[in-house]
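Q: I am attaching a structure below and will ask some questions about it afterwards.
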Amino acid sequence: MIVGLFNYWIVIILMMAGLYIVMSSGHLVKKIIGLNVFQTSVFIFFISMGTVDGGTAPILKDGFTVFSNPLPHVLILTAIVVGVATTALGLAISVRVFEAYGTVEEDEITAIDRDNRKREISVSTVVTESAQKERDQ
Amino acid sequence: MLVATVFAIVKLDHLMTAVMLMGFFSLLSSCIFMILDAVDVAFTEAAVGAGASTIFILAALAIVGRTSKKKRREKTIVPLIIVTCTGAMLLYATLDMPYFGTPDAPVHTHVAPRYLLESGEEVGPPNIVTSVLASYRGYDTFGEAGVVFTAFIGVMILLGAGTRKSGLEREAPPNVKVESMRQKIVLREVADLLIAPVLVFALYVQWHGDFGPGGGFQAGVIFASAIILYALIYGIVPAQKILPPRKLAYFPGIGLLLYALVGVVAMFKGGNFLAYGALMADPHDGQHYGILAIELGIGITVAAVMINIFFSLSERSL
């Protein structure tokens with residue numbers, strides 16, 4: 001009973017650790033690392049489901065009759081490559097964020113955004129006030 | 001061991017170490033895939049996870065800085081609660097799962113038997129993963145190659161390839177880090193030894209994918225990692241002299257078009273899109289050459305995308 005589900009439990013622990021990194025860390029690159037961990041745990045989950053007792057790798061050869069399920073393998077194989085492409089996209093975004101803000105810490109970015117918005121609001125109120133004054137004159 | 005590695009990643013604020021551990025984590029998981037009979041997947045994970053993605057993240061870290069800040073207290077507790085709750089629910093859900101390795105689990109009873117029993121007759125290659133990937137699920141794989149291509153376009157737009165001068169044209173001051181890498185004799189000799197065999201091995205994986213584990217995706221990544229290794233040791237400028245980024249940028253498109261072309265030719269020959277059986281008089285030959293052609297397309301796309309991304313990420317940090 002315990003042995004039967006052991007793989008899935010490990011997967012869940014890994015998955016949750018990845019999720020925890022994503023949520024708790026403010027650093028964008030570390031979030032991407034967390035996503036990667038999460039992703040890998042899903043891969044392990046799929047591959048575990050595809051395994052058959054006493055099976056072998058799904059390559060046809062004389063003398064072997066039991067194979068593990070090739071379908072999850074195909075799915076995961078492509079998912080890994082797509083995963084690295086999306087990772088690169090995420091990294092590219094964080095590089096751009098860094099160039100725009102000078103930081104990749106989430107809370108600092110939000111703080112800068114809030115400052116900017118305040119400044120914009122104050123600028124716009126100044127503009128409207130001066131416009132009103134002109135109209136009054 | 002996996003769990004221990006992950007907890008170390010969670011704890012670490014020093015990102016450099018965390019990335020290294022992530023590479024280690026990938027390597028471990030590829031060993032697990034190997035044990036679970038998924039040789040193709042193990043192959044890909046080892047090449048991608050432990051190689052390419054680790055290097056990409058390192059390149060990004062070189063730009064954005066290496067340490068993350070200590071978290072505040074309240075920011076760690078809320079996620080912890082959420083994670084524990086989700087984890088508990090998922091654990092409860094696993095109680096309904098069929099046990100690991102049971103042959104009559106739902107996964108194994110739907111389409112898998114057909115792939116296992118008839119792919120040898122219908123498609124040909126002994127490696128069932130290749131037949132499923134390239135023939136039965138040719139559409140999906142075309143989509144995946146498209147996703148990789150789209151991600152490449154995204155990275156190029158974000159990092160502005162083409163608008164900036166490439167490292168070759170720019171008169172950059174000699175990069176100190178790269179210079180010192182070149183002077184490390186051990187590293188350089190090992191790299192010299194490795195690069196050529198790695199390239200040959202990539203070609204082997206490319207053309208031998210229908211008999212043993214391997215195929216376009218793996219070959220592309222392995223090829224790219226050889227080039228990346230060269231760029232790491234000798235500096236990015238010599239690497240770009242060999243593969244000018246401007247020309248390299250065409251290759252992801254060429255690969256994808258080759259894939260699509262195979263499909264279209266099959267249509268003209270009277271089959272469905274990507275039905276290779278129609279390509280030649282003998283359906284088996286058609287399948288064989290069709291699969292080889294699209295694997296080549298995938299290989300070109302993946303390799304070019306990886307090298308391009310590496311160039312554009314590392315150019316930023318110069």
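Residues are named by chain letter and number: chains run A, B, ... in the order of the structure tokens, numbers start at 1 in each chain, and ligands are numbered from 1 in the order shown.
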Leaving out B:Phe217 and any residue of its chain fewer than 4 positions from it, which residues lie within 12 Å of it when counting only C-alpha atoms, given as a ChimeraX atom specification?
A: /A:74,76-82,84-85 /B:40-41,43-45,47-48,130,133-134,141-142,144-145,148,202-203,205-207,209,213,221-224,255,294-306
Q: Need to verify the contact set: stretch 98-111 of chain A, 8 Å, only C-alpha atoms, exclusion of same-chain residues closer than 3 positions in sequence. Can you return it as a ChimeraX atom specification?
A: /A:26-29,94-95,114-115 /B:64,68-69
Q: Got a sec: who's within 7 Å of A:Ile44, counting only C-alpha atoms, leaving out chain neighbours fewer than 4 positions off, as a PyMOL selection string?
A: chain A and resi 11+40+48
Q: Write out the residues from the selection above, keeping N, CA and C atoms, as a compact mmCIF listing (two decimals), in the first residue's frame.
A:
# COMPACT_ATOMS: atom_id res chain seq x y z
N VAL A 11 6.44 13.02 -5.69
CA VAL A 11 6.11 14.02 -6.70
C VAL A 11 5.39 15.20 -6.05
N THR A 40 9.49 19.76 -13.35
CA THR A 40 10.15 18.46 -13.31
C THR A 40 9.34 17.46 -12.51
N SER A 48 6.08 8.15 -14.05
CA SER A 48 5.72 7.11 -13.10
C SER A 48 4.43 6.42 -13.53
